[in-house]
Every structure is written in C-alpha cells, then in structure tokens.
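Pasted below: input.cif, mmCIF, C-alpha atoms.
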```cif
data_work
#
loop_
_atom_site.label_atom_id
_atom_site.label_comp_id
_atom_site.auth_asym_id
_atom_site.auth_seq_id
_atom_site.Cartn_x
_atom_site.Cartn_y
_atom_site.Cartn_z
CA MET A 244 182.05 99.62 -52.03
CA LYS A 245 180.07 98.85 -48.90
CA ARG A 246 180.85 95.14 -49.25
CA LEU A 247 184.55 95.87 -49.72
CA PHE A 248 184.48 97.99 -46.56
CA SER A 249 182.79 95.16 -44.62
CA ILE A 250 185.39 92.62 -45.80
CA PHE A 251 188.23 95.00 -44.99
CA SER A 252 186.74 95.70 -41.54
CA ALA A 253 186.40 91.97 -40.79
CA LEU A 254 190.02 91.31 -41.83
CA THR A 255 191.20 94.26 -39.74
CA ALA A 256 189.29 92.95 -36.71
CA LEU A 257 190.91 89.54 -37.13
CA LEU A 258 194.35 91.13 -37.43
CA LEU A 259 193.75 93.22 -34.31
CA VAL A 260 192.68 90.15 -32.31
CA TYR A 261 195.73 88.20 -33.53
CA GLY A 262 197.91 91.23 -32.80
CA LEU A 263 196.54 91.43 -29.25
CA TYR A 264 197.23 87.72 -28.76
CA GLN A 265 200.79 88.15 -30.05
CA ALA A 266 201.40 91.24 -27.91
CA LEU A 267 200.14 89.71 -24.67
CA LEU A 268 201.01 86.02 -25.06
CA GLY A 269 203.04 85.35 -28.23
CA ALA A 270 205.95 87.73 -27.64
CA PRO A 271 208.45 86.88 -24.90
CA THR A 272 208.74 89.03 -21.78
CA GLU A 273 211.51 91.60 -22.01
CA ARG A 274 214.30 91.06 -19.42
CA THR A 275 214.81 94.55 -17.97
CA MET A 276 211.35 96.13 -18.18
CA GLY A 277 209.24 92.98 -17.79
CA SER A 278 205.61 92.84 -18.96
CA VAL A 279 205.22 96.61 -19.16
CA GLN A 280 207.41 96.56 -22.30
CA ARG A 281 204.41 95.01 -24.10
CA ILE A 282 202.94 98.53 -24.26
CA PHE A 283 205.45 98.94 -27.10
CA TYR A 284 203.21 96.78 -29.36
CA TYR A 285 200.44 99.40 -29.11
CA HIS A 286 202.42 102.58 -28.52
CA VAL A 287 204.68 102.43 -31.60
CA PRO A 288 202.01 101.24 -34.11
CA SER A 289 199.71 104.03 -32.85
CA ALA A 290 202.48 106.58 -33.46
CA TRP A 291 203.10 105.09 -36.92
CA ALA A 292 199.38 105.28 -37.76
CA ALA A 293 199.21 108.91 -36.54
CA PHE A 294 202.24 109.88 -38.66
CA CYS A 295 200.77 108.17 -41.77
CA LEU A 296 197.45 109.95 -41.26
CA PHE A 297 199.18 113.31 -40.84
CA PHE A 298 201.03 112.67 -44.11
CA VAL A 299 197.72 111.83 -45.81
CA ASN A 300 196.43 115.13 -44.39
CA LEU A 301 199.47 116.95 -45.83
CA PHE A 302 199.02 115.33 -49.25
CA ALA A 303 195.26 116.07 -49.33
CA SER A 304 195.87 119.67 -48.18
CA VAL A 305 198.42 120.27 -50.93
CA VAL A 306 196.05 118.77 -53.52
CA TYR A 307 193.27 121.02 -52.20
CA LEU A 308 195.49 124.12 -52.39
CA ILE A 309 196.51 123.35 -55.97
CA ARG A 310 193.24 122.06 -57.44
CA LYS A 311 190.57 123.26 -54.96
CA ASN A 312 189.34 119.67 -54.97
CA LEU A 313 186.57 119.25 -52.35
CA LYS A 314 187.17 115.50 -52.05
CA ALA A 315 190.79 116.21 -51.10
CA ASP A 316 189.54 118.69 -48.50
CA ALA A 317 187.17 116.07 -47.06
CA LEU A 318 190.05 113.57 -46.90
CA ALA A 319 192.21 116.17 -45.13
CA VAL A 320 189.58 116.67 -42.42
CA ALA A 321 189.07 112.91 -42.01
CA SER A 322 192.78 112.06 -41.78
CA ALA A 323 193.49 114.90 -39.32
CA GLU A 324 190.70 113.83 -36.97
CA VAL A 325 191.65 110.14 -37.00
CA GLY A 326 195.34 111.12 -36.69
CA VAL A 327 194.54 113.11 -33.55
CA VAL A 328 192.82 110.02 -32.07
CA PHE A 329 195.93 107.88 -32.67
CA CYS A 330 198.23 110.65 -31.43
CA THR A 331 196.12 110.91 -28.25
CA ILE A 332 196.71 107.20 -27.69
CA VAL A 333 200.47 107.74 -28.12
CA LEU A 334 200.38 110.56 -25.55
CA ILE A 335 198.43 108.39 -23.09
CA THR A 336 200.23 105.05 -23.49
CA GLY A 337 203.65 106.78 -23.41
CA PRO A 338 203.32 108.18 -19.86
CA ILE A 339 201.70 104.90 -18.67
CA TRP A 340 204.82 103.11 -19.96
CA ALA A 341 207.19 105.80 -18.61
CA ARG A 342 205.87 105.72 -15.02
CA PRO A 343 207.12 102.20 -14.07
CA VAL A 344 210.25 102.41 -16.28
CA TRP A 345 211.51 106.00 -15.78
CA GLY A 346 209.75 106.64 -12.46
CA ILE A 347 207.96 109.69 -13.90
CA TRP A 348 204.82 110.20 -15.97
CA TRP A 349 206.19 113.01 -18.11
CA THR A 350 209.36 114.95 -18.81
CA TRP A 351 209.84 117.96 -21.09
CA ASP A 352 212.15 115.98 -23.32
CA VAL A 353 212.37 116.80 -27.06
CA ARG A 354 210.55 113.70 -28.34
CA LEU A 355 207.71 114.04 -25.87
CA THR A 356 207.38 117.81 -26.25
CA THR A 357 207.40 117.76 -30.07
CA THR A 358 204.75 115.01 -29.99
CA LEU A 359 202.60 117.15 -27.69
CA VAL A 360 203.13 120.16 -30.01
CA LEU A 361 202.13 117.98 -32.99
CA TRP A 362 198.93 116.96 -31.19
CA LEU A 363 198.17 120.60 -30.31
CA ILE A 364 198.70 121.72 -33.93
CA TYR A 365 196.23 119.15 -35.25
CA VAL A 366 193.74 119.85 -32.46
CA SER A 367 193.89 123.54 -33.47
CA TYR A 368 193.38 122.42 -37.10
CA LEU A 369 190.21 120.58 -36.05
CA VAL A 370 189.02 123.52 -33.92
CA LEU A 371 189.51 125.80 -36.94
CA ARG A 372 187.51 123.39 -39.14
CA ARG A 373 184.77 123.02 -36.56
CA PHE A 374 184.17 126.62 -35.51
CA SER A 375 185.04 128.74 -38.56
CA ASP A 376 182.34 129.20 -41.21
CA SER A 377 184.40 131.41 -43.52
CA ALA A 378 184.80 130.38 -47.16
CA GLN A 379 188.55 130.71 -46.61
CA THR A 380 188.58 128.06 -43.82
CA PRO A 381 189.65 125.10 -46.02
CA THR A 382 192.52 127.16 -47.45
CA LEU A 383 193.66 128.39 -44.02
CA ALA A 384 193.37 124.87 -42.62
CA ALA A 385 195.39 123.46 -45.55
CA VAL A 386 198.18 125.95 -44.83
CA LEU A 387 198.08 125.07 -41.12
CA ALA A 388 198.26 121.38 -42.08
CA ILE A 389 201.46 122.01 -44.04
CA PHE A 390 203.04 123.65 -40.98
CA GLY A 391 201.76 120.82 -38.79
CA ALA A 392 203.29 118.19 -41.04
CA LEU A 393 206.70 119.86 -40.66
CA ASP A 394 206.63 118.75 -37.03
CA VAL A 395 206.30 115.05 -37.98
CA PRO A 396 209.94 114.57 -39.13
CA LEU A 397 211.05 116.68 -36.14
CA VAL A 398 209.27 114.24 -33.80
CA TYR A 399 210.72 111.23 -35.60
CA PHE A 400 214.33 112.42 -35.84
CA SER A 401 214.45 114.22 -32.47
CA ILE A 402 215.91 111.15 -30.74
CA TRP A 403 218.90 111.26 -33.11
CA PHE A 404 219.42 115.03 -33.12
CA PHE A 405 219.07 115.68 -29.38
CA ARG A 406 219.95 114.00 -26.12
CA THR A 407 216.65 112.56 -24.97
CA GLN A 408 215.15 110.32 -22.31
CA HIS A 409 213.14 108.51 -24.98
CA PRO A 410 214.81 105.26 -26.12
CA GLN A 411 216.46 104.92 -29.53
CA PRO A 412 214.70 102.79 -32.18
CA VAL A 413 215.00 99.07 -31.49
CA MET A 414 215.26 98.25 -35.19
CA GLY A 415 217.46 99.46 -38.03
CA ARG A 416 220.44 101.51 -36.92
CA GLY A 417 219.34 101.64 -33.27
CA GLY A 418 219.41 97.91 -32.44
CA SER A 419 217.61 94.63 -33.04
CA LEU A 420 214.54 92.79 -31.79
CA ASP A 421 213.99 89.17 -30.80
CA PRO A 422 212.29 87.46 -33.83
CA ARG A 423 209.13 86.69 -31.79
CA MET A 424 208.99 90.30 -30.61
CA LEU A 425 209.53 91.48 -34.17
CA HIS A 426 206.69 89.22 -35.36
CA ALA A 427 204.31 90.61 -32.69
CA PHE A 428 205.39 94.15 -33.53
CA LEU A 429 204.95 93.75 -37.30
CA ILE A 430 201.52 92.12 -36.88
CA ASN A 431 200.39 95.02 -34.69
CA LEU A 432 201.92 97.54 -37.08
CA LEU A 433 199.92 96.00 -39.93
CA ALA A 434 196.77 95.70 -37.81
CA PHE A 435 196.95 99.33 -36.65
CA SER A 436 197.70 100.54 -40.19
CA CYS A 437 194.63 98.69 -41.53
CA PHE A 438 192.53 99.93 -38.60
CA ALA A 439 193.66 103.54 -39.19
CA ALA A 440 192.83 103.21 -42.91
CA MET A 441 189.43 101.71 -42.09
CA VAL A 442 188.50 104.43 -39.58
CA CYS A 443 189.79 107.15 -41.94
CA TRP A 444 187.69 105.69 -44.74
CA ALA A 445 184.60 105.71 -42.49
CA ARG A 446 185.35 109.28 -41.37
CA TYR A 447 185.79 110.36 -45.01
CA ARG A 448 182.38 108.90 -45.88
CA LEU A 449 180.92 110.73 -42.88
CA GLU A 450 182.46 114.00 -44.08
CA VAL A 451 181.02 113.50 -47.58
CA LEU A 452 177.60 112.74 -46.08
CA HIS A 453 177.87 115.83 -43.86
CA ARG A 454 178.55 117.99 -46.91
CA GLU A 455 175.61 116.40 -48.75
CA VAL A 456 173.32 117.27 -45.83
CA GLU A 457 174.65 120.84 -45.70
CA GLU A 458 174.11 121.18 -49.44
CA ALA A 459 170.58 119.79 -49.14
CA HIS A 460 169.85 122.26 -46.30
CA ALA A 461 171.20 125.12 -48.42
CA MET A 462 169.10 124.04 -51.41
CA GLU A 463 166.02 123.80 -49.21
CA SER A 464 166.70 127.27 -47.77
CA LEU A 465 167.15 128.65 -51.28
CA ALA A 466 163.94 126.98 -52.46
CA GLY A 467 162.12 128.33 -49.37
CA GLY A 468 163.55 131.82 -49.96
CA ALA A 469 162.61 131.70 -53.62
CA ALA A 470 159.07 130.58 -52.76
CA LYS A 471 158.72 133.46 -50.26
CA ALA A 472 160.15 135.94 -52.72
CA SER A 473 157.75 134.78 -55.44
CA LEU A 474 154.70 134.94 -53.12
CA PRO A 475 153.94 138.69 -53.47
CA LEU A 476 154.44 138.42 -57.23
CA ASN A 477 151.90 135.60 -57.38
CA ARG A 478 149.48 137.64 -55.28
CA SER A 479 149.92 140.69 -57.47
CA ALA A 480 149.44 138.48 -60.54
CA GLN A 481 146.12 137.28 -59.06
CA MET B 1366 202.74 92.55 -10.66
CA ASN B 1367 202.47 96.34 -10.52
CA ALA B 1368 203.85 96.57 -14.08
CA VAL B 1369 200.98 94.40 -15.31
CA LYS B 1370 198.55 97.04 -14.04
CA PHE B 1371 200.28 99.64 -16.20
CA LEU B 1372 200.22 97.27 -19.17
CA PHE B 1373 196.49 96.67 -18.86
CA ALA B 1374 195.85 100.37 -18.21
CA ALA B 1375 197.58 101.22 -21.52
CA TYR B 1376 195.70 98.55 -23.50
CA ILE B 1377 192.34 99.41 -21.93
CA ALA B 1378 192.91 103.16 -22.51
CA THR B 1379 193.68 102.44 -26.18
CA TRP B 1380 190.48 100.48 -26.75
CA VAL B 1381 188.31 102.81 -24.67
CA ILE B 1382 189.47 105.76 -26.82
CA HIS B 1383 188.93 103.83 -30.07
CA GLY B 1384 185.55 102.55 -28.85
CA PHE B 1385 184.45 106.03 -27.85
CA TYR B 1386 185.57 107.51 -31.17
CA LEU B 1387 183.90 104.75 -33.23
CA GLY B 1388 180.75 105.30 -31.15
CA THR B 1389 180.76 109.02 -32.02
CA LEU B 1390 181.21 108.14 -35.72
CA VAL B 1391 178.25 105.76 -35.65
CA ARG B 1392 176.10 108.36 -33.82
CA ARG B 1393 177.08 111.10 -36.31
CA PHE B 1394 176.36 108.77 -39.26
CA SER B 1395 172.88 107.89 -38.03
CA LYS B 1396 172.10 111.55 -37.24
CA LEU B 1397 173.17 112.67 -40.74
CA ARG B 1398 171.31 109.81 -42.45
CA GLN B 1399 168.18 110.80 -40.53
CA GLN B 1400 168.63 114.45 -41.56
CA LEU B 1401 169.10 113.46 -45.19
CA LYS B 1402 166.02 111.25 -45.01
CA ASP B 1403 164.00 114.11 -43.49
CA LEU B 1404 165.20 116.49 -46.17
CA GLY B 1405 164.30 113.95 -48.84
CA LYS B 1406 160.83 113.65 -47.37
CA ALA B 1407 160.35 117.40 -47.01
CA PRO B 1408 159.13 118.13 -50.57
CA ARG B 1409 156.59 115.28 -50.36
CA ASP B 1410 155.29 116.41 -46.93
#
```

Could I get this file's structure written as structure tokens?
Amino acid sequence: MKRLFSIFSALTALLLVYGLYQALLGAPTERTMGSVQRIFYYHVPSAWAAFCLFFVNLFASVVYLIRKNLKADALAVASAEVGVVFCTIVLITGPIWARPVWGIWWTWDVRLTTTLVLWLIYVSYLVLRRFSDSAQTPTLAAVLAIFGALDVPLVYFSIWFFRTQHPQPVMGRGGSLDPRMLHAFLINLLAFSCFAAMVCWARYRLEVLHREVEEAHAMESLAGGAAKASLPLNRSAQ
Amino acid sequence: MNAVKFLFAAYIATWVIHGFYLGTLVRRFSKLRQQLKDLGKAPRD
C-alpha cells in the first residue's frame, strides 16, 4: 500500500509540474484579460477538487449514519478537511483574479456568497469534530455534512439560476475553449484531482493513526485504572 | 505587467497553502507515530 502511495504521489507530482508548465507557458494568452486569465487553470480545478471532496464527505457521512462504520467516519473527516483547503484556495484565487478584471476584490454575488457559505459550513463541521468530545459528535457531524453538501449544487448552478457577476462556464452550454487552453485546463483538472485524492488518502491514514493512538491511550488508562483498583485487593490478600 | 503580479500571487498563494497544509500533515504524522511508539514501549519500561 505504501509503495502504491509513493508511485501515485510521484505521478501526481509529475502531472502537477506538467500542468504548471501548460498553464504558464503552453496555453495561449487570452485576448481580453491577458495573462491574469491563467489563474483559471488553478481556480477551477481547485473548485472541482473541493466539490469532489465534499461529495466524498457526503457519501461517507451517509454510510456512517446507516452502518455506523468508523472507517466511513474517518473518511468523512479527511475529505472535509482537505475539501476546506481546496475551497480556501478557490476563495483566495478568485478575488486575486477579480481585482484586475472586475476592479474589485469581492462582491456579494450569489456564486461568491454561496461558496463562502459552503466554506463556513465545512469549517464549522471541522470545528465540531475538533472541539466536541461527545459520543454523538460523528452523528451530528454527519447530519451537518448532509446539509453542507446541499450547498454544493447551489454553488454550481447559481450562475444559471441568478444574474451574477461571475462568468458563465467556458465549456459545454456556456461556450468553448481554444484547444490549447482546453488541454492545459484538462491536465490541471486531472493533476488537481489526483493531488486531492493523494492528500485525502494521506489525511485518512492520519485519522486512522490518530484513532489508534487514542485507543491505545484509552487501553493504557484502563490497564492503569485496573492495576490501581486491584492494588488494595492484592494488599489485603497479602 | 500588473496582471502578471496577480497571476503569480494566485499561484504562489495556492502552493503556499498546500505546502503549509502538507507540512502540518507530516508534523501530525510524526507526532502520532512517536506517541504510538512511546505507548508500545510503555509496558516494557
């Protein structure tokens, strides 16, 4: 498993380097926005990765609620945390792109606001996981995750349902991309998807290890408690 | 020229965030491994 992870990590690193090359040098410069449009090759794949991770979180949360499977719960925590990292990147690269193009860093437009709400929901999910010790925490967090995931389609479809400053999709029904731009975009989409999977995998292993340590601590405490409890008995036996 | 600054700011911000997060993962891994090792040693000590 470790070897597979190393191979996957190496391939992901190569894809990311090639994706960076394509984004900065391979793709042509866009006519109206100029070089700043190249932020697109990081902004959109980061959003895609965040959405995928939030869907993994939804799936794992539903599995946990139905089967009380602890592995599913660990996967839910891992995917939410990594999803928040990618969503943070979306919320940072978006305003950096907006400033030279729109003339403003931020506007309370539907796409931007729903993305911020999505980020806040998953941050609250992580805060709940981090600071609540109750046995009910995984169940409460799983329910919160289901509500959080409802915001994902709202973010995605908001540009079609509402008048918004955010541009329409450049592919599919919204328009088309230059083939070299499309190539750079697809490479980065693949690279970011692999990177998100790799980091989520690592975070899942960390979560499993964390639970092992907690279990070992609990066992040690129990053994210590049992030894203390048996001490007077031993003395009385002597 | 100014637009290039924004472009690099976005790319650098992306990798700084990922680098920072990967760094925290590595630190948490080594801390937990150490704890597990210590717990494993505890009965022998």

| query | Smallest atom-to-atom distance to chain A: which of B:Trp1380, B:Val1391, B:Lys1396, B:Leu1401, using all atoms listed in the file? | reply | B:Leu1401

| message | What does the structure give for the distance between CA of Leu259 in chain A and CA of Ala434 in chain A, in Å to one decimal? | response |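 Computed distance, CA of Leu259 in chain A to CA of Ala434 in chain A, equals 5.2 Å.
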
| request: Could you check how far CA of Met276 in chain A sits from CA of Ala427 in chain A, in Å to one decimal? | output: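 If I compute the distance from CA of Met276 in chain A to CA of Ala427 in chain A, I get 17.0 Å.
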
| message | Could you check which residues have any atom within 10 Å of (195.3, 119.9, -33.2), counting only C-alpha atoms with coordinates taken straight from the file, and then list them as a PyMOL selection string? | response | chain A and resi 323-324+326-327+330+359-371+387-388+391

| task | Determine which residues of chain B sit within 8 Å of chain A, taking into account all atoms listed in the file, and present them as a PyMOL selection string. | result | chain B and resi 1368-1369+1371-1372+1374-1376+1378-1379+1382-1383+1386-1387+1390+1393-1394+1397-1398+1400-1401+1404

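Straight-line separation from CA of Leu393 in chain A to CA of Phe374 in chain A: 24.1 Å.
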
Contacts of Tyr264 in chain A at 10 Å (only C-alpha atoms; same-chain gap of 6+ positions) as a PDB file with C-alpha atoms, in the frame of the given file:
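out_31.pdb written:
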```pdb
ATOM      1  CA  LEU A 258     194.350  91.130 -37.430  1.00  0.00           C
ATOM      2  CA  ALA A 270     205.950  87.730 -27.640  1.00  0.00           C
ATOM      3  CA  ALA A 427     204.310  90.610 -32.690  1.00  0.00           C
ATOM      4  CA  ASN A 431     200.390  95.020 -34.690  1.00  0.00           C
TER       5      ASN A 431
END
```

| request: Would you mind telling me which residue in A:Val320, A:Ala466, A:Met244, A:Ala315 lies nearest to Leu296 in chain A when using only C-alpha atoms? | output: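 Residue with the minimum atom-to-atom distance to Leu296 in chain A: A:Val320.
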
| message | Selection in question (the file shown): the PyMOL selection byres ((chain A and resi 389) around 9). Which residues does it include, as a list in words? | response |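 Those residues are Asn300, Leu301, Phe302, Ser304, Val305, Ala384, Ala385, Val386, Leu387, Ala388, Phe390, Gly391, Ala392 and Leu393 of chain A.
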
| said: Since I can't run it myself right now, could you work out what the PyMOL selection byres ((chain A and resi 432) around 8) selects here and report it as a list in words? | reply: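 Given this file, the PyMOL selection byres ((chain A and resi 432) around 8) evaluates to Tyr284, Val287, Pro288, Trp291, Phe428, Leu429, Ile430, Asn431, Leu433, Ala434, Phe435 and Ser436 of chain A.
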
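Once the PyMOL selection byres ((chain A and resi 381) around 9) is applied to the shown structure, the selection contains Ser304, Tyr307, Leu308, Asp316, Arg372, Ser377, Ala378, Gln379, Thr380, Thr382, Leu383, Ala384, Ala385 and Val386 of chain A.
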
Please produce an output containing C-alpha atoms for each residue in the selection, written as a short mmCIF file (atom, residue, chain, number, x, y, z; two decimals), in the coordinates of the input.
```cif
data_model
loop_
_atom_site.label_atom_id
_atom_site.label_comp_id
_atom_site.auth_asym_id
_atom_site.auth_seq_id
_atom_site.Cartn_x
_atom_site.Cartn_y
_atom_site.Cartn_z
CA SER A 304 195.87 119.67 -48.18
CA TYR A 307 193.27 121.02 -52.20
CA LEU A 308 195.49 124.12 -52.39
CA ASP A 316 189.54 118.69 -48.50
CA ARG A 372 187.51 123.39 -39.14
CA SER A 377 184.40 131.41 -43.52
CA ALA A 378 184.80 130.38 -47.16
CA GLN A 379 188.55 130.71 -46.61
CA THR A 380 188.58 128.06 -43.82
CA THR A 382 192.52 127.16 -47.45
CA LEU A 383 193.66 128.39 -44.02
CA ALA A 384 193.37 124.87 -42.62
CA ALA A 385 195.39 123.46 -45.55
CA VAL A 386 198.18 125.95 -44.83
#
```
